[in-house]
>>> print(open('target_30.txt').read())   # compact mmCIF, C-alpha atoms
# COMPACT_ATOMS: atom_id res chain seq x y z
CA VAL A 1163 112.60 109.71 132.53
CA ARG A 1164 115.58 110.98 134.47
CA PRO A 1165 118.24 113.58 133.67
CA SER A 1166 121.77 112.37 133.13
CA ALA A 1167 124.36 114.05 135.34
CA THR A 1168 127.16 113.82 132.79
CA ASP A 1169 125.93 115.06 129.42
CA ASP A 1170 122.66 117.03 129.80
CA MET A 1171 120.74 114.12 128.24
CA VAL A 1172 117.51 112.50 129.30
CA THR A 1173 117.40 108.72 129.35
CA VAL A 1174 114.18 106.81 128.67
CA ARG A 1175 113.68 103.28 130.09
CA SER A 1176 117.36 102.37 130.02
CA ASP A 1177 120.84 103.85 129.81
CA GLU A 1178 121.12 102.55 126.22
CA VAL A 1179 118.55 104.95 124.66
CA PRO A 1180 119.62 108.58 125.18
CA TYR A 1181 117.40 111.45 124.07
CA GLY A 1182 118.32 115.11 124.15
CA SER A 1183 116.62 117.41 126.61
CA GLN A 1184 115.41 119.57 123.69
CA PRO A 1185 113.47 118.31 120.64
CA ASP A 1186 115.35 117.96 117.36
CA TRP A 1187 112.29 119.27 115.50
CA GLN A 1188 108.95 120.85 116.35
CA ASN A 1189 106.32 122.94 114.62
CA THR A 1190 103.58 125.38 115.53
CA ASP A 1191 100.70 123.81 113.58
CA ARG A 1192 97.58 123.50 115.69
CA ARG A 1193 96.11 120.12 114.68
CA GLN A 1194 94.37 117.16 116.29
CA VAL A 1195 96.69 114.22 115.49
CA GLY A 1196 95.13 110.76 115.23
CA GLY A 1197 98.06 108.89 113.72
CA LEU A 1198 101.75 109.30 113.07
CA GLN A 1199 104.22 107.28 111.00
CA VAL A 1200 107.87 107.72 110.05
CA ALA A 1201 108.72 106.45 106.56
CA ASP A 1202 110.62 107.46 103.44
CA MET A 1203 107.65 108.60 101.34
CA ASN A 1204 109.52 110.10 98.37
CA GLY A 1205 112.40 107.64 97.89
CA ASP A 1206 115.22 110.01 98.81
CA GLY A 1207 116.52 107.80 101.61
CA TRP A 1208 115.42 110.13 104.44
CA ALA A 1209 112.66 109.39 106.94
CA ASP A 1210 109.63 111.68 106.51
CA VAL A 1211 106.86 112.29 109.06
CA VAL A 1212 103.30 111.30 108.06
CA VAL A 1213 100.48 112.83 110.14
CA GLY A 1214 96.82 111.83 110.18
CA CYS A 1215 94.51 114.53 111.58
CA TYR A 1216 90.96 114.28 112.88
CA ILE A 1217 87.97 116.51 113.57
CA SER A 1218 86.99 117.36 117.12
CA ASN A 1219 84.55 119.54 118.97
CA SER A 1220 87.31 121.47 120.69
CA TYR A 1221 87.17 125.08 121.69
CA PRO A 1222 88.51 127.09 120.11
CA PRO A 1223 87.67 124.94 117.08
CA TYR A 1224 90.32 123.47 114.83
CA ASP A 1225 90.00 124.91 111.32
CA ASP A 1226 91.98 122.29 109.39
CA TRP A 1227 92.16 118.52 109.54
CA GLU A 1228 93.82 117.43 106.31
CA ASN A 1229 96.47 114.72 106.49
CA LEU A 1230 100.07 115.91 106.18
CA ILE A 1231 103.58 114.82 105.25
CA TYR A 1232 106.62 116.71 106.49
CA PHE A 1233 109.41 115.74 104.08
CA ASN A 1234 112.93 115.34 105.37
CA ASN A 1235 115.32 117.27 103.12
CA ALA A 1236 118.81 115.82 103.68
CA GLY A 1237 118.40 115.64 107.45
CA THR A 1238 116.13 118.64 108.01
CA LEU A 1239 112.38 118.23 108.39
CA GLU A 1240 110.23 120.90 106.78
CA ALA A 1241 108.78 123.54 109.10
CA ASP A 1242 105.51 123.41 107.13
CA PRO A 1243 104.24 120.29 105.36
CA SER A 1244 104.64 120.39 101.59
CA TRP A 1245 102.21 117.45 101.20
CA VAL A 1246 98.65 118.22 102.30
CA SER A 1247 95.80 115.88 101.41
CA ALA A 1248 93.13 117.29 99.11
CA ASP A 1249 90.39 115.76 101.26
CA GLU A 1250 89.51 116.90 104.76
CA VAL A 1251 88.24 113.93 106.75
CA SER A 1252 88.57 112.59 110.26
CA THR A 1253 91.63 110.28 110.29
CA GLY A 1254 92.12 108.13 113.36
CA ASP A 1255 95.29 106.37 112.21
CA VAL A 1256 97.70 106.17 109.29
CA GLN A 1257 99.80 103.28 108.01
CA VAL A 1258 102.41 103.07 105.25
CA GLY A 1259 102.75 100.00 103.04
CA PHE A 1260 102.96 98.75 99.48
CA VAL A 1261 99.40 98.11 98.35
CA ASN A 1262 99.52 98.12 94.56
CA ASP A 1263 102.85 96.28 94.32
CA ASP A 1264 104.89 99.05 92.74
CA GLU A 1265 108.08 100.56 94.15
CA TYR A 1266 106.40 103.51 95.88
CA PRO A 1267 105.01 103.42 99.44
CA ASP A 1268 101.27 104.01 99.74
CA LEU A 1269 99.51 105.77 102.59
CA PHE A 1270 96.40 104.25 104.18
CA ALA A 1271 94.24 106.65 106.19
CA ALA A 1272 91.85 104.93 108.58
CA ASN A 1273 89.05 107.43 108.61
CA GLY A 1274 85.95 107.17 110.67
CA GLY A 1275 85.14 107.86 114.25
CA GLY A 1276 81.68 109.18 115.00
CA LEU A 1277 81.51 110.79 111.56
CA SER A 1278 82.06 107.51 109.68
CA TYR A 1279 84.17 108.77 106.78
CA SER A 1280 85.37 106.19 104.25
CA SER A 1281 88.94 105.02 104.75
CA VAL A 1282 91.23 105.81 101.82
CA ILE A 1283 94.55 105.02 100.20
CA TYR A 1284 96.80 107.66 98.69
CA TYR A 1285 98.90 105.81 96.12
CA GLY A 1286 102.61 106.60 96.15
CA GLY A 1287 104.67 108.07 93.35
CA PRO A 1288 108.27 109.18 92.76
CA ASP A 1289 107.70 112.47 94.63
CA GLY A 1290 105.44 111.03 97.33
CA PRO A 1291 101.79 109.99 97.41
CA SER A 1292 99.06 111.63 95.39
CA THR A 1293 97.22 114.24 97.49
CA SER A 1294 93.89 112.78 96.32
CA PRO A 1295 92.86 109.28 97.37
CA GLY A 1296 93.15 106.63 94.68
CA TRP A 1297 90.95 104.21 96.60
CA SER A 1298 88.09 104.63 99.04
CA SER A 1299 86.35 101.94 101.05
CA ASN A 1300 82.85 101.21 99.85
CA LYS A 1301 81.57 101.04 103.39
CA ARG A 1302 82.13 103.30 106.32
CA ILE A 1303 84.43 101.99 109.06
CA ARG A 1304 83.76 103.06 112.64
CA ARG A 1305 86.76 101.33 114.14
CA CYS A 1306 89.50 103.22 112.30
CA VAL A 1307 92.44 101.99 114.38
CA ARG A 1308 91.45 98.36 113.84
CA ALA A 1309 91.18 99.05 110.08
CA ALA A 1310 94.69 100.51 110.03
CA ARG A 1311 96.13 97.50 111.83
CA THR A 1312 94.36 95.18 109.38
CA PHE A 1313 95.97 97.08 106.52
CA CYS A 1314 99.37 96.65 108.12
CA THR A 1315 98.94 92.91 108.54
CA ASN A 1316 97.88 92.46 104.92
CA PRO A 1317 100.66 90.35 103.32
CA VAL A 1318 100.84 92.68 100.31
CA ALA A 1319 101.24 95.67 102.61
CA THR A 1320 103.81 94.10 104.91
CA SER A 1321 106.02 92.43 102.31
CA ARG A 1322 107.99 95.66 101.89
CA ARG A 1323 106.65 97.76 104.74
CA THR A 1324 108.54 101.00 105.33
CA ASN A 1325 107.14 102.47 108.52
CA SER A 1326 109.64 102.72 111.30
CA SER A 1327 110.06 103.90 114.84
CA ALA A 1328 113.39 105.49 113.99
CA ARG A 1329 114.27 108.69 115.79
CA ILE A 1330 114.81 111.63 113.46
CA THR A 1331 117.86 113.68 114.29
CA SER A 1332 119.26 116.65 112.48
CA GLY A 1333 122.05 115.80 110.08
CA SER A 1334 121.75 112.03 110.15
CA SER A 1335 120.46 109.61 107.56
CA PRO A 1336 117.99 106.91 108.59
>>> encode(input="target_30.txt", output="structure tokens")
Amino acid sequence: VRPSATDDMVTVRSDEVPYGSQPDWQNTDRRQVGGLQVADMNGDGWADVVVGCYISNSYPPYDDWENLIYFNNAGTLEADPSWVSADEVSTGDVQVGFVNDDEYPDLFAANGGGLSYSSVIYYGGPDGPSTSPGWSSNKRIRRCVRAARTFCTNPVATSRRTNSSARITSGSSP
């Protein structure tokens, strides 16, 4: 990373990918983040931020570890997530895909770690996924990241996959 002398920009890896010296969005939530995806979760054409949170033995302790979605409202990400999962588990990774072959993206949470929570799927709907899981694995998965990657390589999940590495900037459509 090196500063640009001409336009107060920071360039990463090459001169073709400029990033501002200040973030376009940030929040003050104190969470342990295990996974992050950018996808249009509510069908409005704007990229939303999906966050998977996990439990840790940190001090001071973290009080909340639900999974979150920060919806993008016409180019502005919410300051506080309006989608918060009803379950509080240890999520090591999240993936977005189409599992039940409808038009709405589904959210897979690879839960596990040392606590061995069941991985789950939050099925999508017109306003975003349900906050309660619609599916739970019948066996505990310790390798949560591997489980998430398996979900992503599932042909049903990847046929219309929506996750993206797009950069979110204020005032621009994905």
>>> residues_near_point(input="target_30.txt", point="(94.7, 119.3, 94.9)", cutoff="8 Å", atoms="all atoms listed in the file", output="PyMOL selection string")
chain A and resi 1247-1248+1293-1294
>>> atom_distance(input="target_30.txt", atom1="CA of Val1246 (chain A)", atom2="CA of Gln1199 (chain A)")
15.0 Å
>>> axis_aligned_box(input="target_30.txt", around="region 1197-1215 of chain A", padding_each_side="6 Å", output="AutoDock Vina command-line options")
--center_x 105.5 --center_y 110.5 --center_z 105.8 --size_x 34.0 --size_y 20.1 --size_z 27.8
>>> atom_distance(input="target_30.txt", atom1="CA of Ile1231 (chain A)", atom2="CA of Trp1245 (chain A)")
5.0 Å
>>> residues_around(input="target_30.txt", residues="Gly1197 (chain A)", least_positions_apart="4", cutoff="8 Å", atoms="only C-alpha atoms", output="PyMOL selection string")
chain A and resi 1213-1215+1253-1256
>>> atom_distance(input="target_30.txt", atom1="CA of Gly1286 (chain A)", atom2="CA of Pro1267 (chain A)")
5.2 Å
>>> residues_around(input="target_30.txt", residues="Asn1219 (chain A)", least_positions_apart="2", cutoff="12 Å", atoms="all atoms listed in the file", output="MDAnalysis selection string")
chainID A and resid 1194 1216:1217 1221:1225 1252 1276:1277
>>> closest_residue(input="target_30.txt", among="A:Tyr1285, A:Phe1233, A:Trp1208, A:Trp1227", to="Glu1265 (chain A)", atoms="only C-alpha atoms")
A:Tyr1285
>>> closest_residue(input="target_30.txt", among="A:Gln1257, A:Asn1234, A:Asn1229, A:Ser1281", to="Trp1187 (chain A)", atoms="all atoms listed in the file")
A:Asn1234
>>> closest_residue(input="target_30.txt", among="A:Gln1184, A:Ser1244, A:Ser1299, A:Ser1292", to="Gly1274 (chain A)", atoms="all atoms listed in the file")
A:Ser1299
